[in-house]
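Novice: Just so it is clear, I am handing over protein16.pdb, which has PDB, C-alpha atoms and all ligand atoms.
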ATOM      1  CA  MET A   7      13.581 -36.562 -37.324
ATOM      2  CA  LEU A   8      15.112 -36.664 -33.903
ATOM      3  CA  LEU A   9      15.793 -40.221 -32.802
ATOM      4  CA  ALA A  10      16.632 -40.877 -29.156
ATOM      5  CA  HIS A  11      17.475 -44.470 -28.253
ATOM      6  CA  PRO A  12      20.417 -45.123 -25.896
ATOM      7  CA  THR A  13      21.023 -48.655 -27.216
ATOM      8  CA  LEU A  14      19.875 -48.595 -30.812
ATOM      9  CA  HIS A  15      22.068 -51.601 -31.708
ATOM     10  CA  ARG A  16      19.817 -53.739 -29.486
ATOM     11  CA  SER A  17      16.542 -52.140 -30.577
ATOM     12  CA  ARG A  18      13.875 -54.014 -32.488
ATOM     13  CA  ALA A  19      10.942 -51.612 -32.430
ATOM     14  CA  ASN A  20      12.661 -48.266 -32.936
ATOM     15  CA  ALA A  21      15.121 -49.763 -35.398
ATOM     16  CA  THR A  22      12.183 -51.001 -37.490
ATOM     17  CA  LEU A  23      10.394 -47.664 -37.294
ATOM     18  CA  ILE A  24      13.444 -45.621 -38.184
ATOM     19  CA  ASP A  25      14.170 -47.882 -41.167
ATOM     20  CA  ALA A  26      10.657 -47.206 -42.412
ATOM     21  CA  ALA A  27      11.014 -43.459 -41.829
ATOM     22  CA  ARG A  28      14.297 -43.357 -43.741
ATOM     23  CA  GLY A  29      12.363 -44.500 -46.787
ATOM     24  CA  VAL A  30      10.241 -41.350 -46.800
ATOM     25  CA  GLU A  31      11.455 -38.695 -49.214
ATOM     26  CA  GLY A  32      12.806 -35.548 -47.615
ATOM     27  CA  VAL A  33      13.347 -37.082 -44.154
ATOM     28  CA  THR A  34      16.567 -36.248 -42.281
ATOM     29  CA  VAL A  35      17.303 -38.685 -39.451
ATOM     30  CA  HIS A  36      19.272 -37.149 -36.615
ATOM     31  CA  ASP A  37      20.382 -39.726 -34.032
ATOM     32  CA  LEU A  38      20.829 -37.859 -30.747
ATOM     33  CA  TYR A  39      22.592 -40.616 -28.765
ATOM     34  CA  ASP A  40      24.993 -41.146 -31.650
ATOM     35  CA  CYS A  41      25.803 -37.413 -31.843
ATOM     36  CA  TYR A  42      25.932 -36.748 -28.106
ATOM     37  CA  PRO A  43      27.020 -39.852 -26.170
ATOM     38  CA  ASP A  44      28.344 -37.510 -23.449
ATOM     39  CA  PHE A  45      25.154 -35.408 -23.351
ATOM     40  CA  ASP A  46      27.155 -32.445 -24.629
ATOM     41  CA  VAL A  47      24.381 -31.145 -26.887
ATOM     42  CA  ASP A  48      25.399 -28.501 -29.423
ATOM     43  CA  ALA A  49      22.487 -26.061 -29.077
ATOM     44  CA  GLU A  50      23.449 -23.934 -32.069
ATOM     45  CA  ARG A  51      23.650 -26.939 -34.391
ATOM     46  CA  GLU A  52      20.337 -28.270 -33.081
ATOM     47  CA  GLN A  53      18.632 -24.907 -33.508
ATOM     48  CA  ALA A  54      19.889 -24.678 -37.095
ATOM     49  CA  LEU A  55      18.477 -28.146 -37.815
ATOM     50  CA  LEU A  56      15.125 -27.259 -36.263
ATOM     51  CA  SER A  57      14.972 -24.013 -38.219
ATOM     52  CA  ALA A  58      15.498 -25.924 -41.471
ATOM     53  CA  HIS A  59      12.562 -28.313 -40.994
ATOM     54  CA  PRO A  60       8.817 -27.578 -40.861
ATOM     55  CA  LEU A  61       8.015 -31.016 -39.349
ATOM     56  CA  ILE A  62       9.818 -32.149 -36.221
ATOM     57  CA  VAL A  63       9.415 -35.820 -35.331
ATOM     58  CA  LEU A  64      10.728 -36.951 -31.969
ATOM     59  CA  GLN A  65      11.024 -40.747 -31.851
ATOM     60  CA  PHE A  66      11.944 -42.695 -28.717
ATOM     61  CA  PRO A  67      11.223 -45.792 -26.633
ATOM     62  CA  PHE A  68       8.993 -44.927 -23.661
ATOM     63  CA  TYR A  69      11.170 -44.989 -20.512
ATOM     64  CA  TRP A  70       9.601 -44.461 -17.118
ATOM     65  CA  TYR A  71       6.516 -42.825 -18.609
ATOM     66  CA  SER A  72       8.648 -40.354 -20.513
ATOM     67  CA  ALA A  73      11.518 -40.134 -22.993
ATOM     68  CA  PRO A  74      15.118 -41.293 -22.448
ATOM     69  CA  ALA A  75      17.217 -38.770 -20.516
ATOM     70  CA  LEU A  76      19.026 -37.212 -23.480
ATOM     71  CA  VAL A  77      15.718 -35.825 -24.765
ATOM     72  CA  LYS A  78      15.363 -33.807 -21.574
ATOM     73  CA  GLN A  79      18.935 -32.558 -21.853
ATOM     74  CA  TRP A  80      18.263 -31.641 -25.489
ATOM     75  CA  MET A  81      15.158 -29.657 -24.492
ATOM     76  CA  ASP A  82      16.941 -27.913 -21.621
ATOM     77  CA  LEU A  83      19.746 -26.725 -23.879
ATOM     78  CA  VAL A  84      18.110 -26.200 -27.260
ATOM     79  CA  LEU A  85      14.732 -24.613 -26.481
ATOM     80  CA  GLU A  86      16.234 -21.369 -25.299
ATOM     81  CA  PHE A  87      14.408 -18.385 -23.868
ATOM     82  CA  GLY A  88      14.248 -15.659 -26.528
ATOM     83  CA  TRP A  89      14.669 -18.268 -29.273
ATOM     84  CA  ALA A  90      11.958 -20.877 -28.754
ATOM     85  CA  TYR A  91       9.755 -18.979 -26.296
ATOM     86  CA  GLY A  92       9.527 -15.723 -24.388
ATOM     87  CA  PRO A  93       9.999 -12.257 -25.894
ATOM     88  CA  GLY A  94      11.227 -12.604 -29.482
ATOM     89  CA  GLY A  95      11.196 -16.393 -29.171
ATOM     90  CA  ARG A  96       9.409 -17.325 -32.370
ATOM     91  CA  ALA A  97      11.924 -19.595 -34.119
ATOM     92  CA  LEU A  98       9.599 -22.608 -34.050
ATOM     93  CA  GLU A  99       6.327 -20.807 -34.667
ATOM     94  CA  GLY A 100       3.988 -22.686 -37.004
ATOM     95  CA  LYS A 101       6.093 -25.836 -37.245
ATOM     96  CA  THR A 102       4.541 -29.202 -36.389
ATOM     97  CA  MET A 103       5.757 -31.610 -33.740
ATOM     98  CA  LEU A 104       5.037 -35.343 -33.752
ATOM     99  CA  CYS A 105       6.081 -37.623 -30.898
ATOM    100  CA  ALA A 106       6.521 -41.238 -32.001
ATOM    101  CA  LEU A 107       7.062 -43.792 -29.271
ATOM    102  CA  THR A 108       7.156 -47.477 -28.540
ATOM    103  CA  THR A 109       5.973 -48.984 -25.267
ATOM    104  CA  GLY A 110       6.538 -52.308 -23.558
ATOM    105  CA  GLY A 111       3.070 -52.036 -22.016
ATOM    106  CA  GLY A 112       0.049 -53.010 -24.093
ATOM    107  CA  GLU A 113      -2.696 -50.584 -25.054
ATOM    108  CA  ALA A 114      -5.012 -51.820 -22.261
ATOM    109  CA  ALA A 115      -2.336 -50.951 -19.684
ATOM    110  CA  TYR A 116      -2.610 -47.282 -20.662
ATOM    111  CA  GLN A 117      -6.245 -46.801 -19.665
ATOM    112  CA  PRO A 118      -7.803 -45.427 -16.467
ATOM    113  CA  ASP A 119      -8.464 -48.998 -15.281
ATOM    114  CA  GLY A 120      -5.144 -50.392 -16.541
ATOM    115  CA  VAL A 121      -1.894 -50.859 -14.594
ATOM    116  CA  ASN A 122      -0.442 -47.589 -15.854
ATOM    117  CA  ARG A 123      -3.695 -45.680 -15.059
ATOM    118  CA  PHE A 124      -3.074 -42.855 -17.505
ATOM    119  CA  THR A 125      -3.348 -42.689 -21.264
ATOM    120  CA  ILE A 126      -0.305 -41.894 -23.406
ATOM    121  CA  PRO A 127      -1.662 -38.428 -24.346
ATOM    122  CA  GLU A 128      -2.030 -37.695 -20.619
ATOM    123  CA  LEU A 129       1.507 -38.871 -19.872
ATOM    124  CA  LEU A 130       2.847 -36.763 -22.746
ATOM    125  CA  ARG A 131       1.324 -33.529 -21.406
ATOM    126  CA  PRO A 132       4.739 -31.972 -20.566
ATOM    127  CA  PHE A 133       5.783 -32.504 -24.201
ATOM    128  CA  GLU A 134       2.481 -31.151 -25.475
ATOM    129  CA  GLN A 135       2.738 -28.065 -23.299
ATOM    130  CA  THR A 136       6.381 -27.538 -24.286
ATOM    131  CA  ALA A 137       5.279 -27.601 -27.921
ATOM    132  CA  HIS A 138       2.487 -25.148 -27.147
ATOM    133  CA  LEU A 139       4.808 -22.739 -25.346
ATOM    134  CA  CYS A 140       7.152 -22.881 -28.343
ATOM    135  CA  LYS A 141       4.233 -22.178 -30.732
ATOM    136  CA  LEU A 142       4.513 -25.594 -32.342
ATOM    137  CA  ARG A 143       1.431 -27.382 -33.601
ATOM    138  CA  TRP A 144       1.004 -30.650 -31.668
ATOM    139  CA  ALA A 145       0.156 -33.687 -33.784
ATOM    140  CA  ASP A 146      -1.535 -36.710 -32.196
ATOM    141  CA  PRO A 147       1.291 -38.981 -31.040
ATOM    142  CA  PHE A 148       2.186 -42.102 -33.015
ATOM    143  CA  VAL A 149       2.333 -44.982 -30.552
ATOM    144  CA  VAL A 150       3.289 -48.630 -30.982
ATOM    145  CA  HIS A 151       2.261 -50.627 -27.920
ATOM    146  CA  GLY A 152       3.349 -53.999 -26.619
ATOM    147  CA  VAL A 153       6.569 -54.131 -28.599
ATOM    148  CA  HIS A 154       8.073 -56.964 -26.549
ATOM    149  CA  ARG A 155       5.791 -59.480 -28.214
ATOM    150  CA  ASP A 156       7.868 -61.414 -30.698
ATOM    151  CA  ASP A 157       5.909 -60.331 -33.732
ATOM    152  CA  PRO A 158       8.188 -59.000 -36.493
ATOM    153  CA  GLN A 159       5.257 -58.668 -38.911
ATOM    154  CA  ALA A 160       3.385 -56.387 -36.476
ATOM    155  CA  LEU A 161       6.472 -54.169 -36.260
ATOM    156  CA  LEU A 162       6.818 -54.031 -40.036
ATOM    157  CA  ASP A 163       3.127 -53.074 -40.287
ATOM    158  CA  ALA A 164       3.697 -50.368 -37.674
ATOM    159  CA  GLY A 165       6.654 -49.133 -39.733
ATOM    160  CA  ARG A 166       4.417 -48.839 -42.789
ATOM    161  CA  ARG A 167       1.786 -46.888 -40.826
ATOM    162  CA  TYR A 168       4.539 -44.665 -39.422
ATOM    163  CA  ALA A 169       5.933 -43.870 -42.873
ATOM    164  CA  ASP A 170       2.385 -43.085 -44.094
ATOM    165  CA  ARG A 171       1.825 -40.773 -41.138
ATOM    166  CA  ILE A 172       5.084 -38.907 -41.757
ATOM    167  CA  ARG A 173       4.245 -38.596 -45.465
ATOM    168  CA  ALA A 174       0.779 -37.196 -44.657
ATOM    169  CA  LEU A 175       2.123 -34.693 -42.123
ATOM    170  CA  SER A 176       4.919 -33.633 -44.487
ATOM    171  CA  ALA A 177       2.340 -32.942 -47.194
ATOM    172  CA  GLU A 178       0.340 -30.819 -44.733
ATOM    173  CA  VAL A 179       3.301 -28.710 -43.663
ATOM    174  CA  SER A 180       5.054 -28.210 -46.982
ATOM    175  CA  PRO A 181       4.763 -24.651 -48.237
TER     176      PRO A 181
HETATM  177  C1  LIG A 201      14.779 -47.906 -18.544
HETATM  178  C2  LIG A 201      13.513 -48.422 -19.184
HETATM  179  C3  LIG A 201      12.300 -47.889 -18.805
HETATM  180  C4  LIG A 201      11.120 -48.330 -19.410
HETATM  181  N1  LIG A 201       9.933 -47.765 -19.037
HETATM  182  C5  LIG A 201       8.788 -48.153 -19.653
HETATM  183  C6  LIG A 201       7.546 -47.520 -19.325
HETATM  184  O1  LIG A 201       7.463 -46.609 -18.491
HETATM  185  N2  LIG A 201       6.430 -47.946 -19.954
HETATM  186  C7  LIG A 201       6.465 -48.958 -20.908
HETATM  187  O2  LIG A 201       5.400 -49.288 -21.459
HETATM  188  N3  LIG A 201       7.642 -49.553 -21.249
HETATM  189  C8  LIG A 201       8.790 -49.173 -20.649
HETATM  190  N4  LIG A 201       9.989 -49.742 -21.004
HETATM  191  C9  LIG A 201      10.011 -50.673 -22.150
HETATM  192  C10 LIG A 201      10.462 -49.942 -23.418
HETATM  193  O3  LIG A 201       9.517 -48.947 -23.789
HETATM  194  C11 LIG A 201      10.662 -50.920 -24.551
HETATM  195  O4  LIG A 201      11.703 -51.781 -24.173
HETATM  196  C12 LIG A 201      10.999 -50.220 -25.852
HETATM  197  O5  LIG A 201       9.900 -49.488 -26.316
HETATM  198  C13 LIG A 201      11.394 -51.251 -26.895
HETATM  199  O6  LIG A 201      11.850 -50.586 -28.053
HETATM  200  P1  LIG A 201      13.193 -51.028 -28.791
HETATM  201  O7  LIG A 201      12.962 -52.420 -29.338
HETATM  202  O8  LIG A 201      13.381 -50.016 -29.848
HETATM  203  O9  LIG A 201      14.298 -51.006 -27.750
HETATM  204  C14 LIG A 201      11.164 -49.344 -20.399
HETATM  205  C15 LIG A 201      12.404 -49.894 -20.768
HETATM  206  C16 LIG A 201      13.575 -49.449 -20.158
HETATM  207  C17 LIG A 201      14.890 -50.059 -20.572
END
Can I see the file as structure tokens?

Specialist:
Amino acid sequence: MLLAHPTLHRSRANATLIDAARGVEGVTVHDLYDCYPDFDVDAEREQALLSAHPLIVLQFPFYWYSAPALVKQWMDLVLEFGWAYGPGGRALEGKTMLCALTTGGGEAAYQPDGVNRFTIPELLRPFEQTAHLCKLRWADPFVVHGVHRDDPQALLDAGRRYADRIRALSAEVSP
């Protein structure tokens, strides 16, 4: 699991989700901001980690209708031509990719008539297309909306659903 939160020590939603994910057997949590505070992503190390896992979960808080900046840097450096895509670029072929995100906005805000006008799947199109280009199977994103509400029980419930989802996807992808 790739976790990308620039201020995890202050997180409620992603901290709860990642705690739940850690409880799933076989999950490796890889905290990108902890490993690369200077954005100096080690592409070789990241490629080796990706190669070793059939299910790639990318978890992040939704920032400006996208992921925090280090995710972009990670993609730019790790998903290399000839490795992830292009001639001979088959390293990720057949793996599954799940985006898991938390949003401040409520579900109604992410509708055509809501303040954010677009749905989350629409806003995640660049991620979906990146997965497609890299021959990854795209799983329906796991989204927790309205996380600023002070509702610890709702977050714990979301954590349980998240762990169940990861378990189900892991069972699907295991050889
Ligand atoms: C820089 C920044 C940009 C944000 N952009 C969005 C956004 O585009 N849409 C949204 O619904 N929430 C947005 N938020 C709210 C975050 O998604 C929210 O704070 C986060 O999901 C909470 O998770 P955490 O408790 O793990 O920090 C933004 C927050 C920050 C700090």

Novice: For each of A:Ala54, A:Ile172, A:Val149, A:Val35, take the minimum atom-to-atom distance to ligand LIG 201 (chain A), counting all atoms listed in the file, then give the residue where this is smallest.

Specialist: A:Val149

Novice: The PyMOL selection byres (((chain A and resi 116) around 12) and not hetatm) - which residues does that actually catch in the file I just gave you? List them as a ChimeraX atom specification.

Specialist: /A:71,109-115,117-129,149-152

Novice: Could you tell me which residues the PyMOL selection byres (((not hetatm)) within 6 of (chain A and resi 201)) grabs in this file, written as a PyMOL selection string?

Specialist: chain A and resi 17-21+67-71+108-111+153

Novice: I need the chosen residues saved as an mmCIF file, in the coordinates of the input, with C-alpha atoms.

Specialist:
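Everything below was put into part.cif:
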data_model
loop_
_atom_site.group_PDB
_atom_site.id
_atom_site.type_symbol
_atom_site.label_atom_id
_atom_site.label_comp_id
_atom_site.auth_asym_id
_atom_site.auth_seq_id
_atom_site.Cartn_x
_atom_site.Cartn_y
_atom_site.Cartn_z
ATOM 1 C CA SER A 17 16.542 -52.140 -30.577
ATOM 2 C CA ARG A 18 13.875 -54.014 -32.488
ATOM 3 C CA ALA A 19 10.942 -51.612 -32.430
ATOM 4 C CA ASN A 20 12.661 -48.266 -32.936
ATOM 5 C CA ALA A 21 15.121 -49.763 -35.398
ATOM 6 C CA PRO A 67 11.223 -45.792 -26.633
ATOM 7 C CA PHE A 68 8.993 -44.927 -23.661
ATOM 8 C CA TYR A 69 11.170 -44.989 -20.512
ATOM 9 C CA TRP A 70 9.601 -44.461 -17.118
ATOM 10 C CA TYR A 71 6.516 -42.825 -18.609
ATOM 11 C CA THR A 108 7.156 -47.477 -28.540
ATOM 12 C CA THR A 109 5.973 -48.984 -25.267
ATOM 13 C CA GLY A 110 6.538 -52.308 -23.558
ATOM 14 C CA GLY A 111 3.070 -52.036 -22.016
ATOM 15 C CA VAL A 153 6.569 -54.131 -28.599
#

Novice: What are the centre and edge lengths in Å, to one decimal, of the axis-aligned box around all listed atoms of segment 30-45 of chain A with 8 Å added on each side, as lines of an AutoDock Vina configuration file?

Specialist:
center_x = 19.3
center_y = -38.4
center_z = -36.3
size_x = 34.1
size_y = 21.9
size_z = 41.9

Novice: Between A:Phe133, A:Phe45, A:Tyr168, A:Phe66, single out the one closest to Leu23 of chain A, counting only C-alpha atoms.

Specialist: A:Tyr168

Novice: With distances taken over all atoms listed in the file, which of A:Ala174, A:Thr22, A:Asp37, A:His15 is nearest to Pro158 of chain A?

Specialist: A:Thr22

Novice: Carefully work through the PyMOL selection byres (((chain A and resi 102) around 6) and not hetatm) for this structure and note down the residues it includes, as a JSON list (two decimals) with C-alpha atoms, keeping the file's coordinate frame.

Specialist:
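Full text of expr_34.json as output:
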[["chain", "number", "residue", "atom", "x", "y", "z"],
["A", 61, "LEU", "CA", 8.02, -31.02, -39.35],
["A", 101, "LYS", "CA", 6.09, -25.84, -37.24],
["A", 103, "MET", "CA", 5.76, -31.61, -33.74],
["A", 142, "LEU", "CA", 4.51, -25.59, -32.34],
["A", 143, "ARG", "CA", 1.43, -27.38, -33.60]]

Novice: Closest to Gly94 of chain A among A:Cys140, A:Ala49, A:Leu14, A:Leu8, using all atoms listed in the file?

Specialist: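 For Gly94 of chain A, the nearest of the given residues is A:Cys140.
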
Novice: Which of these residues is nearest to Leu38 of chain A, using all atoms listed in the file: A:Gln79, A:Gln159, A:Ser57, A:Ser72?

Specialist: A:Gln79

Novice: For the atom pair atom CA of Tyr42 of chain A and atom CA of Val84 of chain A, what is the interatomic distance in Å to one decimal place?

Specialist: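 If I compute the distance from atom CA of Tyr42 of chain A to atom CA of Val84 of chain A, I get 13.2 Å.
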
Novice: Which distance in Å separates atom CA of Cys105 of chain A and atom CA of Met7 of chain A, to one decimal?

Specialist: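 Computing it gives 9.9 Å between the two atoms.
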
Novice: If I put a ball of radius 8 Å at (21.4, -39.6, -25.2) in the file's coordinates, which residues poke into it when counting all atoms listed in the file, written as a PyMOL selection string?

Specialist: chain A and resi 10-12+38-40+42-45+74-77

Novice: Enter the distance from atom CA of Ile62 of chain A to atom CA of Pro147 of chain A, in Å, rounded to one decimal.

Specialist: 12.1 Å

Novice: Of the residues A:Leu64, A:Ala90, A:Leu162, A:Leu85, which is the one nearest to Trp144 of chain A, using only C-alpha atoms?

Specialist: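 Once distances to Trp144 of chain A are computed over only C-alpha atoms, the minimum belongs to A:Leu64.
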
Novice: Which polymer residues have any atom within 9 Å of an atom of Leu175 of chain A, counting all atoms listed in the file, with same-chain residues fewer than 4 positions away left out, as a PyMOL selection string?

Specialist: chain A and resi 61+102+104+145+170-171+179-180
